[in-house]
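What follows is the content of data01.csv (CSV, C-alpha atoms and all ligand atoms).
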chain,number,residue,atom,x,y,z
A,1,MET,CA,-16.3,33.0,4.5
A,2,SER,CA,-14.1,32.4,7.4
A,3,ILE,CA,-13.1,29.6,9.8
A,4,ILE,CA,-16.0,28.5,11.9
A,5,ILE,CA,-15.5,28.4,15.7
A,6,LYS,CA,-17.8,25.7,16.9
A,7,THR,CA,-20.0,26.1,20.0
A,8,ARG,CA,-19.9,23.6,22.8
A,9,GLU,CA,-23.2,22.1,21.6
A,10,GLN,CA,-21.9,21.8,18.0
A,11,ILE,CA,-18.7,20.1,19.3
A,12,GLU,CA,-20.8,17.5,21.1
A,13,HIS,CA,-22.6,16.6,17.9
A,14,ILE,CA,-19.5,16.6,15.8
A,15,ARG,CA,-17.7,14.4,18.4
A,16,LYS,CA,-20.5,11.8,18.0
A,17,SER,CA,-20.3,11.8,14.2
A,18,CYS,CA,-16.5,11.5,14.4
A,19,LYS,CA,-16.7,8.6,16.8
A,20,LEU,CA,-19.1,6.8,14.4
A,21,ALA,CA,-16.6,7.4,11.5
A,22,ALA,CA,-13.8,5.9,13.5
A,23,ASN,CA,-15.9,3.0,14.7
A,24,ALA,CA,-16.9,2.3,11.0
A,25,LEU,CA,-13.2,1.7,10.2
A,26,THR,CA,-12.9,-0.7,13.1
A,27,PHE,CA,-16.1,-2.4,12.0
A,28,ILE,CA,-14.8,-2.9,8.4
A,29,GLU,CA,-11.3,-4.1,9.3
A,30,PRO,CA,-12.1,-7.9,9.5
A,31,TYR,CA,-13.7,-7.8,6.0
A,32,VAL,CA,-10.7,-6.1,4.3
A,33,LYS,CA,-9.0,-9.3,3.0
A,34,PRO,CA,-7.7,-10.7,-0.2
A,35,GLY,CA,-10.5,-11.6,-2.7
A,36,VAL,CA,-13.0,-9.0,-1.5
A,37,ASP,CA,-14.3,-6.4,-3.9
A,38,THR,CA,-14.4,-2.8,-2.8
A,39,GLU,CA,-18.1,-2.4,-3.6
A,40,TYR,CA,-18.9,-5.1,-1.1
A,41,LEU,CA,-16.9,-3.2,1.6
A,42,ASP,CA,-18.7,0.0,0.6
A,43,ASN,CA,-22.1,-1.6,1.0
A,44,LEU,CA,-21.1,-2.9,4.5
A,45,ILE,CA,-20.0,0.7,5.5
A,46,LEU,CA,-23.3,2.2,4.3
A,47,GLN,CA,-25.3,-0.5,6.2
A,48,TYR,CA,-23.2,0.3,9.3
A,49,PHE,CA,-24.0,4.0,9.0
A,50,LYS,CA,-27.7,3.3,8.5
A,51,GLU,CA,-27.8,1.0,11.6
A,52,HIS,CA,-26.4,3.9,13.5
A,53,SER,CA,-28.9,6.4,12.3
A,54,ALA,CA,-26.4,8.1,10.0
A,55,THR,CA,-26.0,8.6,6.2
A,56,SER,CA,-22.9,9.0,4.1
A,57,ALA,CA,-21.8,12.5,3.1
A,58,THR,CA,-20.2,11.3,-0.1
A,59,ILE,CA,-23.2,9.9,-1.8
A,60,GLY,CA,-24.3,12.5,-4.3
A,61,TYR,CA,-21.5,14.9,-3.3
A,62,HIS,CA,-20.8,16.7,-6.6
A,63,GLY,CA,-22.2,13.5,-8.2
A,64,TYR,CA,-20.0,11.1,-6.3
A,65,PRO,CA,-21.8,7.7,-6.3
A,66,LYS,CA,-20.7,5.7,-3.3
A,67,ALA,CA,-20.7,5.8,0.5
A,68,SER,CA,-16.9,5.7,0.9
A,69,CYS,CA,-13.7,6.2,-0.9
A,70,ILE,CA,-11.5,3.1,-1.3
A,71,SER,CA,-8.1,3.8,-2.8
A,72,PRO,CA,-5.7,0.9,-3.4
A,73,ASN,CA,-2.0,1.1,-4.2
A,74,GLU,CA,-1.3,3.9,-6.8
A,75,VAL,CA,-4.7,5.4,-6.1
A,76,VAL,CA,-4.0,8.6,-4.1
A,77,CYS,CA,-7.6,9.3,-3.0
A,78,HIS,CA,-11.3,9.3,-4.2
A,79,GLY,CA,-11.2,5.7,-5.4
A,80,ILE,CA,-14.8,4.7,-6.3
A,81,PRO,CA,-15.7,1.3,-4.8
A,82,SER,CA,-16.5,-1.2,-7.6
A,83,LYS,CA,-17.3,-4.8,-8.0
A,84,SER,CA,-14.4,-5.0,-10.5
A,85,ILE,CA,-11.8,-3.9,-8.0
A,86,VAL,CA,-10.8,-6.9,-6.0
A,87,LEU,CA,-8.2,-6.7,-3.3
A,88,LYS,CA,-5.3,-9.0,-3.5
A,89,ASP,CA,-2.3,-10.2,-1.5
A,90,GLY,CA,0.3,-7.5,-1.2
A,91,ASP,CA,-2.0,-4.6,-1.7
A,92,ILE,CA,-2.2,-1.5,0.5
A,93,VAL,CA,-5.5,0.3,0.6
A,94,ASN,CA,-7.0,3.5,2.1
A,95,ILE,CA,-10.6,3.5,3.2
A,96,ASP,CA,-12.1,7.0,3.9
A,97,VAL,CA,-15.4,7.4,5.6
A,98,THR,CA,-17.6,10.5,6.2
A,99,PRO,CA,-20.9,10.0,8.0
A,100,ILE,CA,-23.5,12.6,8.6
A,101,LEU,CA,-25.1,12.1,12.0
A,102,SER,CA,-27.8,14.5,13.2
A,103,GLY,CA,-26.6,16.9,10.5
A,104,TYR,CA,-23.0,16.9,11.6
A,105,TYR,CA,-19.9,15.5,9.8
A,106,GLY,CA,-17.0,13.4,10.8
A,107,ASP,CA,-14.1,12.4,8.4
A,108,THR,CA,-11.4,9.8,8.9
A,109,SER,CA,-9.4,7.4,6.8
A,110,LYS,CA,-6.6,4.8,7.3
A,111,MET,CA,-4.5,2.3,5.5
A,112,PHE,CA,-5.1,-1.5,5.5
A,113,LEU,CA,-2.5,-4.0,4.5
A,114,ILE,CA,-3.7,-7.0,2.5
A,115,GLY,CA,-1.9,-10.3,3.3
A,116,ASN,CA,1.9,-10.1,2.8
A,117,VAL,CA,2.9,-6.6,2.0
A,118,SER,CA,6.4,-5.7,0.8
A,119,GLU,CA,8.8,-3.9,3.2
A,120,GLU,CA,8.8,-1.0,0.8
A,121,ALA,CA,5.1,-0.6,0.9
A,122,LYS,CA,5.0,-1.0,4.7
A,123,SER,CA,7.6,1.7,5.1
A,124,LEU,CA,5.5,4.1,3.0
A,125,VAL,CA,2.5,3.4,5.1
A,126,GLU,CA,4.4,3.9,8.4
A,127,VAL,CA,5.8,7.2,7.2
A,128,ALA,CA,2.3,8.4,6.1
A,129,ARG,CA,1.0,7.5,9.6
A,130,HIS,CA,3.8,9.3,11.3
A,131,CYS,CA,3.2,12.4,9.1
A,132,LEU,CA,-0.4,12.6,10.3
A,133,TYR,CA,0.7,12.5,13.9
A,134,LEU,CA,3.5,15.0,13.4
A,135,GLY,CA,0.8,17.3,11.8
A,136,ILE,CA,-1.6,16.8,14.7
A,137,GLN,CA,1.2,17.6,17.3
A,138,GLN,CA,1.4,21.1,15.8
A,139,VAL,CA,-2.2,21.9,16.8
A,140,ARG,CA,-2.8,24.4,19.6
A,141,PRO,CA,-4.2,27.9,20.1
A,142,GLY,CA,-1.8,30.4,18.5
A,143,ALA,CA,-0.2,28.0,16.1
A,144,HIS,CA,-0.3,28.6,12.4
A,145,PHE,CA,-1.8,26.3,9.8
A,146,GLY,CA,1.5,26.4,7.9
A,147,ASP,CA,3.1,24.7,10.9
A,148,ILE,CA,1.2,21.5,10.1
A,149,GLY,CA,2.5,21.4,6.5
A,150,HIS,CA,6.0,22.2,7.6
A,151,ALA,CA,6.2,19.3,10.0
A,152,ILE,CA,4.7,16.9,7.6
A,153,SER,CA,6.7,17.8,4.5
A,154,GLN,CA,10.0,18.0,6.3
A,155,TYR,CA,9.6,14.5,7.7
A,156,ALA,CA,8.2,13.0,4.4
A,157,HIS,CA,11.0,14.5,2.4
A,158,SER,CA,13.7,13.4,4.9
A,159,LYS,CA,12.5,9.8,4.2
A,160,GLY,CA,12.7,10.3,0.4
A,161,TYR,CA,9.0,10.5,-0.2
A,162,SER,CA,6.9,13.3,-1.8
A,163,VAL,CA,3.8,15.0,-0.5
A,164,VAL,CA,0.7,15.5,-2.6
A,165,TYR,CA,-0.2,19.2,-2.9
A,166,GLU,CA,-3.2,19.0,-5.1
A,167,PHE,CA,-5.5,17.8,-2.3
A,168,CYS,CA,-5.7,19.3,1.2
A,169,GLY,CA,-7.2,18.8,4.6
A,170,HIS,CA,-10.2,21.0,5.5
A,171,GLY,CA,-12.4,22.5,8.1
A,172,VAL,CA,-15.3,20.0,8.8
A,173,GLY,CA,-18.3,19.5,11.1
A,174,ILE,CA,-21.1,21.7,10.1
A,175,HIS,CA,-20.4,21.3,6.4
A,176,PHE,CA,-18.3,18.6,4.6
A,177,HIS,CA,-15.6,20.9,3.4
A,178,GLU,CA,-15.2,24.2,5.3
A,179,GLU,CA,-12.4,26.7,5.5
A,180,PRO,CA,-9.5,26.6,5.8
A,181,GLN,CA,-7.7,24.4,3.4
A,182,VAL,CA,-5.1,22.5,5.5
A,183,GLU,CA,-2.0,22.2,3.3
A,184,HIS,CA,0.4,19.3,3.9
A,185,ILE,CA,3.4,21.2,2.6
A,186,GLY,CA,4.0,24.5,4.4
A,187,LYS,CA,6.2,27.0,6.0
A,188,LYS,CA,6.3,27.6,9.8
A,189,GLY,CA,4.5,30.7,11.0
A,190,THR,CA,2.4,31.1,7.8
A,191,GLY,CA,-1.3,30.8,7.2
A,192,PRO,CA,-4.2,31.4,9.5
A,193,VAL,CA,-3.9,31.2,13.3
A,194,MET,CA,-5.6,28.4,15.2
A,195,HIS,CA,-8.2,29.2,17.9
A,196,PRO,CA,-10.1,26.9,20.4
A,197,GLY,CA,-13.2,25.5,18.8
A,198,MET,CA,-11.8,25.1,15.3
A,199,ILE,CA,-12.3,21.6,13.9
A,200,PHE,CA,-10.5,20.4,10.8
A,201,THR,CA,-9.0,17.4,9.1
A,202,ILE,CA,-5.3,16.6,8.6
A,203,GLU,CA,-5.0,14.0,5.8
A,204,PRO,CA,-1.5,13.8,4.3
A,205,MET,CA,-1.1,11.8,1.1
A,206,ILE,CA,2.5,10.6,0.8
A,207,ASN,CA,3.9,9.2,-2.5
A,208,GLN,CA,6.8,6.9,-3.2
A,209,GLY,CA,7.6,8.7,-6.4
A,210,LYS,CA,6.4,12.0,-7.9
A,211,PRO,CA,3.8,14.1,-6.0
A,212,ARG,CA,1.6,14.8,-9.0
A,213,VAL,CA,-1.8,13.1,-9.4
A,214,VAL,CA,-3.9,12.4,-12.5
A,215,ILE,CA,-7.7,12.1,-12.4
A,216,ASP,CA,-9.3,9.2,-14.2
A,217,SER,CA,-10.8,10.7,-17.3
A,218,LYS,CA,-13.6,8.0,-17.4
A,219,ASP,CA,-15.0,8.3,-13.9
A,220,GLY,CA,-13.9,11.9,-13.1
A,221,TRP,CA,-12.8,11.0,-9.5
A,222,THR,CA,-10.1,8.4,-9.1
A,223,ALA,CA,-6.9,10.2,-8.4
A,224,ARG,CA,-3.7,8.2,-9.3
A,225,THR,CA,-0.1,8.9,-9.0
A,226,ILE,CA,1.3,10.2,-12.3
A,227,ASP,CA,4.1,7.6,-12.3
A,228,GLY,CA,2.0,4.6,-11.0
A,229,LYS,CA,4.0,4.3,-7.8
A,230,LEU,CA,2.4,3.8,-4.4
A,231,SER,CA,0.6,6.4,-2.3
A,232,ALA,CA,-0.5,6.2,1.3
A,233,GLN,CA,-2.8,8.4,3.5
A,234,PHE,CA,-4.2,8.6,7.0
A,235,GLU,CA,-6.8,11.2,8.1
A,236,HIS,CA,-8.1,12.4,11.4
A,237,THR,CA,-10.6,15.1,12.4
A,238,VAL,CA,-9.0,17.3,15.1
A,239,LEU,CA,-10.4,19.9,17.6
A,240,VAL,CA,-8.3,22.8,18.8
A,241,THR,CA,-8.8,22.9,22.6
A,242,GLU,CA,-7.7,25.6,25.1
A,243,THR,CA,-4.4,23.9,25.6
A,244,GLY,CA,-3.7,21.9,22.4
A,245,TYR,CA,-5.7,19.4,20.5
A,246,GLU,CA,-8.2,16.5,20.7
A,247,ILE,CA,-8.4,13.9,18.0
A,248,LEU,CA,-12.1,13.4,17.5
A,249,THR,CA,-11.9,10.4,15.2
A,250,LEU,CA,-10.6,7.8,17.7
A,251,PRO,CA,-12.6,4.6,17.9
A,252,ASP,CA,-14.1,3.2,21.1
B,1,LIG,N1,-13.5,12.1,2.6
B,1,LIG,C1,-12.7,12.8,1.6
B,1,LIG,C2,-11.9,13.8,2.4
B,1,LIG,O1,-11.2,13.5,3.1
B,1,LIG,C3,-13.6,13.5,0.6
B,1,LIG,C4,-14.3,12.5,-0.3
B,1,LIG,S1,-15.2,13.4,-1.4
B,1,LIG,C5,-15.8,12.3,-2.5
B,1,LIG,O2,-12.0,15.0,2.3
B,1,LIG,F1,-16.7,12.8,-3.1
B,1,LIG,F2,-14.8,11.9,-3.2
B,1,LIG,F3,-16.2,11.2,-1.8
B,2,CO,CO,-11.2,15.0,4.6
B,3,CO,CO,-11.9,11.8,4.3
Represent the structure contained in this file as structure tokens.
Ligand code: MF3
Ligand code: CO
Ligand code: CO
Amino acid sequence: MSIIIKTREQIEHIRKSCKLAANALTFIEPYVKPGVDTEYLDNLILQYFKEHSATSATIGYHGYPKASCISPNEVVCHGIPSKSIVLKDGDIVNIDVTPILSGYYGDTSKMFLIGNVSEEAKSLVEVARHCLYLGIQQVRPGAHFGDIGHAISQYAHSKGYSVVYEFCGHGVGIHFHEEPQVEHIGKKGTGPVMHPGMIFTIEPMINQGKPRVVIDSKDGWTARTIDGKLSAQFEHTVLVTETGYEILTLPD
């Protein structure tokens, strides 16, 4: 197995799937409000995919039951949407969507703020957003994957936050999770070299407290911070171009 260099035609297909993923997050935004349960949001996302001739890559993925991952507060990632999880004033929540369109995958996520959010939580969210963009700015032919993790971890640590190392970004497009693993902690000049036509996600998870996560023993998916403190994440799918990068998961 190695890192797939996508053809022009594959890139066109993946671009469309990524655009749909990004537009799904724009679509869901007005519904992400206090009092809404996360299963309701998940159903709307699935309906949106279906209306756009797509399916969700997560349904049935290693037994995952839902169309999206919805991860509030101390949930780091892979929160399973549920009727019993109701968003409330002051929450922060990540929604992660992965459509399959004409057989091609797009993957993006972002944070939503529910009502009045504490300054502490807002600052975590803004640092996580900036971490993603610092990572993206490293992308160009000849750069190393370790450059991404270096940029992200240096900034997050300088702000007093920790970086989750038990989950990574990944190649994406033809399959859901392709090589390489895109680590969010790294050393400059290490790891594989980037070439035009590579497509992968960068999706840093930034924690207020300790970096460790614990998987819910009942559902086998929900990953929470080990200390119950907040976590925030943003994710884009990125293409290596001849001169730098293109973010594929930007909405219309
Ligand atoms: N979209 C997630 C990612 O960024 C993966 C979710 S897999 C699931 O890679 F099974 F938990 F849905
Ligand atoms: Co991903
Ligand atoms: Co994702």
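Using all atoms listed in the file for every distance, the candidate list A:Tyr155, A:Phe234, A:Phe27, A:Tyr104 yields A:Tyr104 as the residue closest to Glu9 in chain A.
Distances here use all atoms listed in the file; by that measure, the residue among A:Pro180, A:Gly160, A:Pro99, A:Gly169 closest to Leu20 in chain A is A:Pro99.
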Around ligand LIG 1 (chain B), at most 8 Å away and counting only C-alpha atoms and all ligand atoms, which residues are there? Put them as a PDB file with C-alpha atoms, in the coordinates of the input, please.
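Done, and the output landed in out33.pdb:
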ATOM      1  CA  ALA A  57     -21.800  12.500   3.100  1.00  0.00           C
ATOM      2  CA  THR A  58     -20.200  11.300  -0.100  1.00  0.00           C
ATOM      3  CA  ILE A  59     -23.200   9.900  -1.800  1.00  0.00           C
ATOM      4  CA  GLY A  60     -24.300  12.500  -4.300  1.00  0.00           C
ATOM      5  CA  TYR A  61     -21.500  14.900  -3.300  1.00  0.00           C
ATOM      6  CA  HIS A  62     -20.800  16.700  -6.600  1.00  0.00           C
ATOM      7  CA  GLY A  63     -22.200  13.500  -8.200  1.00  0.00           C
ATOM      8  CA  TYR A  64     -20.000  11.100  -6.300  1.00  0.00           C
ATOM      9  CA  PRO A  65     -21.800   7.700  -6.300  1.00  0.00           C
ATOM     10  CA  LYS A  66     -20.700   5.700  -3.300  1.00  0.00           C
ATOM     11  CA  ALA A  67     -20.700   5.800   0.500  1.00  0.00           C
ATOM     12  CA  SER A  68     -16.900   5.700   0.900  1.00  0.00           C
ATOM     13  CA  CYS A  69     -13.700   6.200  -0.900  1.00  0.00           C
ATOM     14  CA  CYS A  77      -7.600   9.300  -3.000  1.00  0.00           C
ATOM     15  CA  HIS A  78     -11.300   9.300  -4.200  1.00  0.00           C
ATOM     16  CA  GLY A  79     -11.200   5.700  -5.400  1.00  0.00           C
ATOM     17  CA  ILE A  80     -14.800   4.700  -6.300  1.00  0.00           C
ATOM     18  CA  ASP A  96     -12.100   7.000   3.900  1.00  0.00           C
ATOM     19  CA  VAL A  97     -15.400   7.400   5.600  1.00  0.00           C
ATOM     20  CA  THR A  98     -17.600  10.500   6.200  1.00  0.00           C
ATOM     21  CA  ASP A 107     -14.100  12.400   8.400  1.00  0.00           C
ATOM     22  CA  THR A 108     -11.400   9.800   8.900  1.00  0.00           C
ATOM     23  CA  SER A 109      -9.400   7.400   6.800  1.00  0.00           C
ATOM     24  CA  CYS A 168      -5.700  19.300   1.200  1.00  0.00           C
ATOM     25  CA  GLY A 169      -7.200  18.800   4.600  1.00  0.00           C
ATOM     26  CA  HIS A 170     -10.200  21.000   5.500  1.00  0.00           C
ATOM     27  CA  PHE A 176     -18.300  18.600   4.600  1.00  0.00           C
ATOM     28  CA  HIS A 177     -15.600  20.900   3.400  1.00  0.00           C
ATOM     29  CA  THR A 201      -9.000  17.400   9.100  1.00  0.00           C
ATOM     30  CA  GLU A 203      -5.000  14.000   5.800  1.00  0.00           C
ATOM     31  CA  TRP A 221     -12.800  11.000  -9.500  1.00  0.00           C
ATOM     32  CA  GLU A 235      -6.800  11.200   8.100  1.00  0.00           C
TER      33      GLU A 235
END
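Checking A:Met111, A:Val139, A:Leu44, A:Val117 one by one against Pro81 in chain A, counting all atoms listed in the file, you find the shortest gap at A:Leu44.
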When distances are computed from all atoms listed in the file, which of A:Arg15, A:Lys122, A:His236, A:Arg140 shows the smallest separation from ligand CO 3 (chain B)? A:His236
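Comparing A:Lys187, A:Arg224, A:Arg129, A:Lys6 by their smallest distance to Ile202 in chain A, the closest is A:Arg129 (using all atoms listed in the file).
CA of Phe167 in chain A lies 11.0 Å from atom CO of ligand CO 3 (chain B).
In this structure, CA of Ile11 in chain A sits 21.1 Å away from CA of Gly135 in chain A.
CA of Gln233 in chain A to CA of Val125 in chain A spans 7.5 Å [interatomic distance, one decimal].
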Restricting to all atoms listed in the file, whichever of A:Asn116, A:Ala156, A:Ser84, A:Ala21 is closest to ligand CO 2 (chain B) is A:Ala21
